[in-house]
>>> print(open('coords_31.tsv').read())   # TSV, C-alpha atoms
chain	number	residue	atom	x	y	z
A	1032	MET	CA	176.79	153.48	53.30
A	1033	ARG	CA	179.66	151.76	51.54
A	1034	GLU	CA	182.12	149.52	53.31
A	1035	SER	CA	185.15	147.62	52.20
A	1036	VAL	CA	187.51	145.43	54.15
A	1037	GLN	CA	189.75	148.43	54.74
A	1038	ALA	CA	187.38	151.42	54.89
A	1039	VAL	CA	183.99	152.66	56.01
A	1040	GLN	CA	182.26	155.51	54.22
A	1041	ALA	CA	178.94	157.31	54.68
A	1042	GLU	CA	177.25	160.44	53.41
A	1043	VAL	CA	175.22	162.56	55.82
A	1044	MET	CA	173.47	165.86	55.44
A	1045	MET	CA	174.67	168.62	57.76
A	1046	SER	CA	173.54	172.20	58.24
A	1047	PHE	CA	176.20	174.81	57.51
A	1048	LEU	CA	175.41	177.63	59.96
A	1049	VAL	CA	176.48	180.83	58.22
A	1050	SER	CA	174.84	183.08	60.82
A	1051	GLU	CA	171.99	182.92	63.32
A	1052	GLU	CA	169.60	183.76	60.49
A	1053	LEU	CA	171.15	181.79	57.64
A	1054	SER	CA	171.99	178.11	57.25
A	1055	PHE	CA	171.81	175.57	54.47
A	1056	ARG	CA	172.12	171.81	54.23
A	1057	ILE	CA	175.10	170.25	52.52
A	1058	PRO	CA	176.22	166.67	51.88
A	1059	VAL	CA	179.23	165.60	53.94
A	1060	GLU	CA	181.17	162.43	53.25
A	1061	LEU	CA	182.53	160.61	56.30
A	1062	ARG	CA	185.42	158.22	55.72
A	1063	TYR	CA	187.46	155.98	57.98
A	1064	GLU	CA	190.36	153.81	56.81
A	1065	ALA	CA	192.00	150.94	58.66
A	1066	GLY	CA	195.36	152.13	57.28
A	1067	ASP	CA	194.99	155.36	59.31
A	1068	PRO	CA	193.06	154.00	62.29
A	1069	TYR	CA	193.20	157.07	64.51
A	1070	ALA	CA	191.57	159.47	62.05
A	1071	VAL	CA	188.21	160.16	60.46
A	1072	ARG	CA	187.84	162.38	57.42
A	1073	LEU	CA	184.92	164.65	56.70
A	1074	THR	CA	184.65	166.02	53.17
A	1075	PHE	CA	182.33	169.01	52.91
A	1076	HIS	CA	180.68	169.71	49.57
A	1077	LEU	CA	179.92	173.43	49.70
A	1078	PRO	CA	177.95	174.90	46.77
A	1079	GLY	CA	180.23	176.62	44.27
A	1080	ASP	CA	183.44	175.48	45.95
A	1081	ALA	CA	185.74	172.52	45.60
A	1082	PRO	CA	185.21	169.87	48.29
A	1083	VAL	CA	187.10	170.52	51.52
A	1084	THR	CA	188.38	167.63	53.65
A	1085	TRP	CA	189.17	167.79	57.34
A	1086	ALA	CA	190.88	164.93	59.16
A	1087	PHE	CA	190.82	164.61	62.93
A	1088	GLY	CA	190.86	161.98	65.65
A	1089	ARG	CA	188.10	159.41	65.66
A	1090	GLU	CA	188.09	159.61	69.45
A	1091	LEU	CA	187.32	163.34	69.23
A	1092	LEU	CA	184.15	162.53	67.29
A	1093	VAL	CA	183.21	159.75	69.74
A	1094	ASP	CA	183.72	162.08	72.72
A	1095	GLY	CA	181.93	164.99	71.03
A	1096	VAL	CA	178.70	163.02	70.66
A	1097	ASN	CA	178.47	162.77	74.46
A	1098	GLY	CA	179.97	166.06	75.63
A	1099	ALA	CA	182.07	169.03	74.59
A	1100	SER	CA	185.32	167.81	73.04
A	1101	GLY	CA	188.34	169.40	71.41
A	1102	ASP	CA	190.41	172.42	72.24
A	1103	GLY	CA	192.10	173.14	68.93
A	1104	ASP	CA	190.97	173.61	65.35
A	1105	VAL	CA	188.16	171.06	65.70
A	1106	ARG	CA	185.55	171.25	68.46
A	1107	ILE	CA	182.51	169.06	68.76
A	1108	SER	CA	179.71	169.42	71.28
A	1109	PRO	CA	176.13	168.28	71.75
A	1110	VAL	CA	173.42	170.82	70.95
A	1111	GLU	CA	171.62	171.71	74.15
A	1112	LEU	CA	167.89	171.32	73.68
A	1113	ALA	CA	165.36	173.02	75.94
A	1114	GLY	CA	163.49	170.47	78.02
A	1115	GLY	CA	165.99	167.68	77.36
A	1116	ASN	CA	166.32	164.96	79.99
A	1117	ALA	CA	169.60	164.59	81.86
A	1118	GLY	CA	171.58	161.60	80.60
A	1119	GLU	CA	169.65	161.47	77.34
A	1120	MET	CA	171.71	161.32	74.14
A	1121	PRO	CA	171.43	164.62	72.24
A	1122	GLY	CA	169.76	164.66	68.86
A	1123	GLU	CA	172.39	166.90	67.25
A	1124	VAL	CA	175.96	168.07	67.64
A	1125	HIS	CA	177.82	171.17	66.56
A	1126	ILE	CA	181.09	170.70	64.70
A	1127	ARG	CA	183.24	173.85	64.71
A	1128	LEU	CA	186.23	173.99	62.37
A	1129	GLN	CA	188.73	176.83	62.67
A	1130	VAL	CA	191.77	178.02	60.76
A	1131	GLY	CA	193.29	181.13	62.30
A	1132	ILE	CA	190.41	183.56	62.83
A	1133	ASP	CA	188.23	181.90	60.16
A	1134	GLN	CA	185.74	179.34	61.35
A	1135	ALA	CA	182.83	177.30	60.10
A	1136	LEU	CA	180.03	175.83	62.18
A	1137	PHE	CA	178.03	172.74	61.20
A	1138	ARG	CA	175.11	170.99	62.87
A	1139	ALA	CA	174.73	167.24	62.38
A	1140	GLY	CA	172.33	164.60	63.60
A	1141	VAL	CA	173.81	162.26	66.20
A	1142	ALA	CA	172.15	159.10	64.84
A	1143	PRO	CA	174.06	158.96	61.51
A	1144	LEU	CA	177.33	159.82	63.28
A	1145	VAL	CA	176.82	157.04	65.84
A	1146	ALA	CA	175.93	154.59	63.06
A	1147	PHE	CA	179.12	155.55	61.22
A	1148	LEU	CA	181.23	155.26	64.38
A	1149	ASP	CA	179.70	151.86	65.12
A	1150	ARG	CA	180.86	150.65	61.71
A	1151	THR	CA	184.37	152.04	62.28
A	1152	ASP	CA	184.47	150.19	65.60
A	1153	LYS	CA	183.63	146.93	63.82
A	1154	LEU	CA	186.51	147.53	61.41
A	1155	VAL	CA	189.00	148.64	64.09
A	1156	PRO	CA	187.76	148.52	67.70
A	1157	LEU	CA	188.47	151.62	69.75
A	1158	GLY	CA	191.69	151.09	71.69
A	1159	GLN	CA	193.03	148.59	69.13
A	1160	GLU	CA	194.34	151.16	66.64
A	1161	ARG	CA	197.98	150.75	67.64
A	1162	ALA	CA	197.92	147.07	66.70
A	1163	LEU	CA	197.14	148.02	63.08
A	1164	ALA	CA	198.97	151.30	62.68
A	1165	ASP	CA	202.56	151.72	61.77
A	1166	PHE	CA	202.36	154.90	63.80
A	1167	GLU	CA	205.92	156.08	63.22
A	1168	THR	CA	205.56	155.79	59.43
A	1169	HIS	CA	202.21	157.62	59.40
A	1170	LEU	CA	203.58	160.34	61.68
A	1171	ASP	CA	206.60	160.84	59.40
A	1172	GLU	CA	204.33	160.98	56.32
A	1173	ALA	CA	201.97	163.46	57.98
A	1174	LEU	CA	204.83	165.69	59.11
A	1175	ASP	CA	206.33	165.61	55.59
A	1176	ARG	CA	202.96	166.65	54.11
A	1177	ILE	CA	202.55	169.48	56.63
A	1178	LEU	CA	206.05	170.79	55.97
A	1179	ALA	CA	205.53	170.61	52.20
A	1180	GLU	CA	202.23	172.51	52.49
A	1181	GLU	CA	203.82	175.21	54.66
A	1182	GLN	CA	206.73	175.61	52.24
A	1183	SER	CA	204.44	175.86	49.22
A	1184	ALA	CA	202.14	178.36	50.99
A	1185	GLY	CA	204.77	180.59	52.23
>>> encode(input="coords_31.tsv", output="structure tokens")
Amino acid sequence: MRESVQAVQAEVMMSFLVSEELSFRIPVELRYEAGDPYAVRLTFHLPGDAPVTWAFGRELLVDGVNGASGDGDVRISPVELAGGNAGEMPGEVHIRLQVGIDQALFRAGVAPLVAFLDRTDKLVPLGQERALADFETHLDEALDRILAEEQSAG
């Protein structure tokens, strides 16, 4: 795990679930930056492909460790284990990423995610993001990027 004054980064291994019969482990880089305090970035290193980065709300990841979270392109939920005790933290979560009808499903251990989130909380405590973020500027920049991507794609 690497940390700087402005960022927290970790690499974890996740299982890419291609089908019920096929999965393989891939390295995934987790990154959190104080300059964009609401978001975490996961960069997936799939064999034979360029790395793919997804950014989504840090709070979504926090919530997804404890229960089903997300209703859009990113959904995170604990993996239900047979014989698990009620109230016990799950050992793994599913992270589902979707673009249109295409989707990818990953399984990750909870422990490395919680360790990463703990480090992000030390950098920027949950609920204190607004004090650090120039939200309007970041929103304008994000909207400009989205519009530029749509115009170049279409």
>>> atom_distance(input="coords_31.tsv", atom1="atom CA of A:Arg1062", atom2="atom CA of A:Ala1086")
9.3 Å
>>> atom_distance(input="coords_31.tsv", atom1="atom CA of A:Phe1087", atom2="atom CA of A:Arg1106")
10.1 Å
>>> atom_distance(input="coords_31.tsv", atom1="atom CA of A:Phe1047", atom2="atom CA of A:Leu1136")
6.1 Å
>>> closest_residue(input="coords_31.tsv", among="A:Val1105, A:Val1096, A:Leu1174, A:Val1083", to="A:Ala1142", atoms="only C-alpha atoms")
A:Val1096
>>> residues_around(input="coords_31.tsv", residues="A:Leu1157", least_positions_apart="5", cutoff="10 Å", atoms="all atoms listed in the file", output="list in words")
Pro1068, Tyr1069, Arg1089, Glu1090, Val1093, Leu1148, Asp1149, Thr1151 and Asp1152 of chain A
>>> residues_around(input="coords_31.tsv", residues="A:Tyr1063", least_positions_apart="3", cutoff="10 Å", atoms="only C-alpha atoms", output="MDAnalysis selection string")
chainID A and resid 1034 1037:1041 1066:1073 1086 1089 1147:1148 1150:1151 1154:1155
>>> axis_aligned_box(input="coords_31.tsv", around="stretch 1124-1134 of chain A", padding_each_side="8 Å", output="lines of an AutoDock Vina configuration file")
center_x = 184.6
center_y = 175.8
center_z = 63.9
size_x = 33.3
size_y = 31.5
size_z = 23.5
>>> closest_residue(input="coords_31.tsv", among="A:Glu1111, A:Gln1134, A:Ala1065, A:Phe1075", to="A:Val1043", atoms="only C-alpha atoms")
A:Phe1075
>>> residues_around(input="coords_31.tsv", residues="A:Ile1126", least_positions_apart="2", cutoff="8 Å", atoms="only C-alpha atoms", output="VMD selection string")
chain A and resid 1105 to 1108 1124 1128 1136 to 1139
>>> residues_around(input="coords_31.tsv", residues="A:Gly1098", least_positions_apart="3", cutoff="7 Å", atoms="only C-alpha atoms", output="count of residues only")
4
>>> closest_residue(input="coords_31.tsv", among="A:Asp1175, A:Glu1160, A:Glu1180, A:Asp1104", to="A:Asp1133", atoms="only C-alpha atoms")
A:Asp1104
>>> residues_around(input="coords_31.tsv", residues="A:Phe1055", least_positions_apart="4", cutoff="10 Å", atoms="all atoms listed in the file", output="PDB file with C-alpha atoms, in the coordinates of the input")
ATOM      1  CA  MET A1044     173.470 165.860  55.440  1.00  0.00           C
ATOM      2  CA  MET A1045     174.670 168.620  57.760  1.00  0.00           C
ATOM      3  CA  SER A1046     173.540 172.200  58.240  1.00  0.00           C
ATOM      4  CA  PHE A1047     176.200 174.810  57.510  1.00  0.00           C
ATOM      5  CA  LEU A1048     175.410 177.630  59.960  1.00  0.00           C
ATOM      6  CA  VAL A1049     176.480 180.830  58.220  1.00  0.00           C
ATOM      7  CA  LEU A1077     179.920 173.430  49.700  1.00  0.00           C
ATOM      8  CA  PRO A1078     177.950 174.900  46.770  1.00  0.00           C
ATOM      9  CA  PHE A1137     178.030 172.740  61.200  1.00  0.00           C
TER      10      PHE A1137
END
>>> closest_residue(input="coords_31.tsv", among="A:His1125, A:Arg1176, A:Glu1064, A:Gly1140", to="A:Ser1100", atoms="all atoms listed in the file")
A:His1125
>>> build_atoms(input="coords_31.tsv", residues="stretch 1049-1069 of chain A", atoms="N, CA, C and O atoms", output="PDB file, in the frame of the given file")
ATOM      1  N   VAL A1049     175.766 179.635  58.664  1.00  0.00           N
ATOM      2  CA  VAL A1049     176.480 180.830  58.220  1.00  0.00           C
ATOM      3  C   VAL A1049     176.336 181.943  59.246  1.00  0.00           C
ATOM      4  O   VAL A1049     177.283 182.658  59.550  1.00  0.00           O
ATOM      5  N   SER A1050     175.135 182.099  59.772  1.00  0.00           N
ATOM      6  CA  SER A1050     174.840 183.080  60.820  1.00  0.00           C
ATOM      7  C   SER A1050     173.628 182.579  61.586  1.00  0.00           C
ATOM      8  O   SER A1050     173.075 181.518  61.268  1.00  0.00           O
ATOM      9  N   GLU A1051     173.185 183.333  62.576  1.00  0.00           N
ATOM     10  CA  GLU A1051     171.990 182.920  63.320  1.00  0.00           C
ATOM     11  C   GLU A1051     170.768 182.867  62.422  1.00  0.00           C
ATOM     12  O   GLU A1051     169.848 182.093  62.663  1.00  0.00           O
ATOM     13  N   GLU A1052     170.750 183.682  61.383  1.00  0.00           N
ATOM     14  CA  GLU A1052     169.600 183.760  60.490  1.00  0.00           C
ATOM     15  C   GLU A1052     169.725 182.894  59.241  1.00  0.00           C
ATOM     16  O   GLU A1052     168.741 182.627  58.569  1.00  0.00           O
ATOM     17  N   LEU A1053     170.938 182.464  58.908  1.00  0.00           N
ATOM     18  CA  LEU A1053     171.150 181.790  57.640  1.00  0.00           C
ATOM     19  C   LEU A1053     171.897 180.472  57.825  1.00  0.00           C
ATOM     20  O   LEU A1053     172.972 180.427  58.435  1.00  0.00           O
ATOM     21  N   SER A1054     171.316 179.404  57.293  1.00  0.00           N
ATOM     22  CA  SER A1054     171.990 178.110  57.250  1.00  0.00           C
ATOM     23  C   SER A1054     171.482 177.364  56.028  1.00  0.00           C
ATOM     24  O   SER A1054     170.411 177.673  55.494  1.00  0.00           O
ATOM     25  N   PHE A1055     172.267 176.426  55.559  1.00  0.00           N
ATOM     26  CA  PHE A1055     171.810 175.570  54.470  1.00  0.00           C
ATOM     27  C   PHE A1055     172.414 174.192  54.633  1.00  0.00           C
ATOM     28  O   PHE A1055     173.459 174.016  55.244  1.00  0.00           O
ATOM     29  N   ARG A1056     171.702 173.203  54.094  1.00  0.00           N
ATOM     30  CA  ARG A1056     172.120 171.810  54.230  1.00  0.00           C
ATOM     31  C   ARG A1056     173.078 171.437  53.099  1.00  0.00           C
ATOM     32  O   ARG A1056     172.859 171.819  51.957  1.00  0.00           O
ATOM     33  N   ILE A1057     174.105 170.699  53.483  1.00  0.00           N
ATOM     34  CA  ILE A1057     175.100 170.250  52.520  1.00  0.00           C
ATOM     35  C   ILE A1057     175.406 168.770  52.755  1.00  0.00           C
ATOM     36  O   ILE A1057     175.321 168.284  53.880  1.00  0.00           O
ATOM     37  N   PRO A1058     175.786 168.062  51.694  1.00  0.00           N
ATOM     38  CA  PRO A1058     176.220 166.670  51.880  1.00  0.00           C
ATOM     39  C   PRO A1058     177.658 166.641  52.403  1.00  0.00           C
ATOM     40  O   PRO A1058     178.508 167.417  51.962  1.00  0.00           O
ATOM     41  N   VAL A1059     177.894 165.760  53.365  1.00  0.00           N
ATOM     42  CA  VAL A1059     179.230 165.600  53.940  1.00  0.00           C
ATOM     43  C   VAL A1059     179.574 164.113  53.899  1.00  0.00           C
ATOM     44  O   VAL A1059     178.803 163.271  54.353  1.00  0.00           O
ATOM     45  N   GLU A1060     180.706 163.815  53.322  1.00  0.00           N
ATOM     46  CA  GLU A1060     181.170 162.430  53.250  1.00  0.00           C
ATOM     47  C   GLU A1060     182.046 162.138  54.457  1.00  0.00           C
ATOM     48  O   GLU A1060     182.994 162.872  54.737  1.00  0.00           O
ATOM     49  N   LEU A1061     181.725 161.077  55.180  1.00  0.00           N
ATOM     50  CA  LEU A1061     182.530 160.610  56.300  1.00  0.00           C
ATOM     51  C   LEU A1061     183.311 159.396  55.835  1.00  0.00           C
ATOM     52  O   LEU A1061     182.752 158.523  55.164  1.00  0.00           O
ATOM     53  N   ARG A1062     184.588 159.339  56.166  1.00  0.00           N
ATOM     54  CA  ARG A1062     185.420 158.220  55.720  1.00  0.00           C
ATOM     55  C   ARG A1062     186.385 157.831  56.838  1.00  0.00           C
ATOM     56  O   ARG A1062     186.963 158.687  57.506  1.00  0.00           O
ATOM     57  N   TYR A1063     186.528 156.536  57.001  1.00  0.00           N
ATOM     58  CA  TYR A1063     187.460 155.980  57.980  1.00  0.00           C
ATOM     59  C   TYR A1063     188.208 154.840  57.305  1.00  0.00           C
ATOM     60  O   TYR A1063     187.603 154.004  56.645  1.00  0.00           O
ATOM     61  N   GLU A1064     189.532 154.825  57.452  1.00  0.00           N
ATOM     62  CA  GLU A1064     190.360 153.810  56.810  1.00  0.00           C
ATOM     63  C   GLU A1064     191.185 153.077  57.853  1.00  0.00           C
ATOM     64  O   GLU A1064     191.783 153.704  58.726  1.00  0.00           O
ATOM     65  N   ALA A1065     191.226 151.756  57.730  1.00  0.00           N
ATOM     66  CA  ALA A1065     192.000 150.940  58.660  1.00  0.00           C
ATOM     67  C   ALA A1065     193.490 151.290  58.587  1.00  0.00           C
ATOM     68  O   ALA A1065     194.204 151.150  59.569  1.00  0.00           O
ATOM     69  N   GLY A1066     193.959 151.769  57.439  1.00  0.00           N
ATOM     70  CA  GLY A1066     195.360 152.130  57.280  1.00  0.00           C
ATOM     71  C   GLY A1066     195.749 153.381  58.060  1.00  0.00           C
ATOM     72  O   GLY A1066     196.924 153.645  58.276  1.00  0.00           O
ATOM     73  N   ASP A1067     194.766 154.172  58.482  1.00  0.00           N
ATOM     74  CA  ASP A1067     194.990 155.360  59.310  1.00  0.00           C
ATOM     75  C   ASP A1067     193.960 155.305  60.442  1.00  0.00           C
ATOM     76  O   ASP A1067     193.004 156.067  60.465  1.00  0.00           O
ATOM     77  N   PRO A1068     194.129 154.347  61.359  1.00  0.00           N
ATOM     78  CA  PRO A1068     193.060 154.000  62.290  1.00  0.00           C
ATOM     79  C   PRO A1068     192.713 155.028  63.355  1.00  0.00           C
ATOM     80  O   PRO A1068     191.702 154.873  64.029  1.00  0.00           O
ATOM     81  N   TYR A1069     193.515 156.060  63.500  1.00  0.00           N
ATOM     82  CA  TYR A1069     193.200 157.070  64.510  1.00  0.00           C
ATOM     83  C   TYR A1069     192.325 158.197  63.965  1.00  0.00           C
ATOM     84  O   TYR A1069     191.787 158.980  64.734  1.00  0.00           O
TER      85      TYR A1069
END
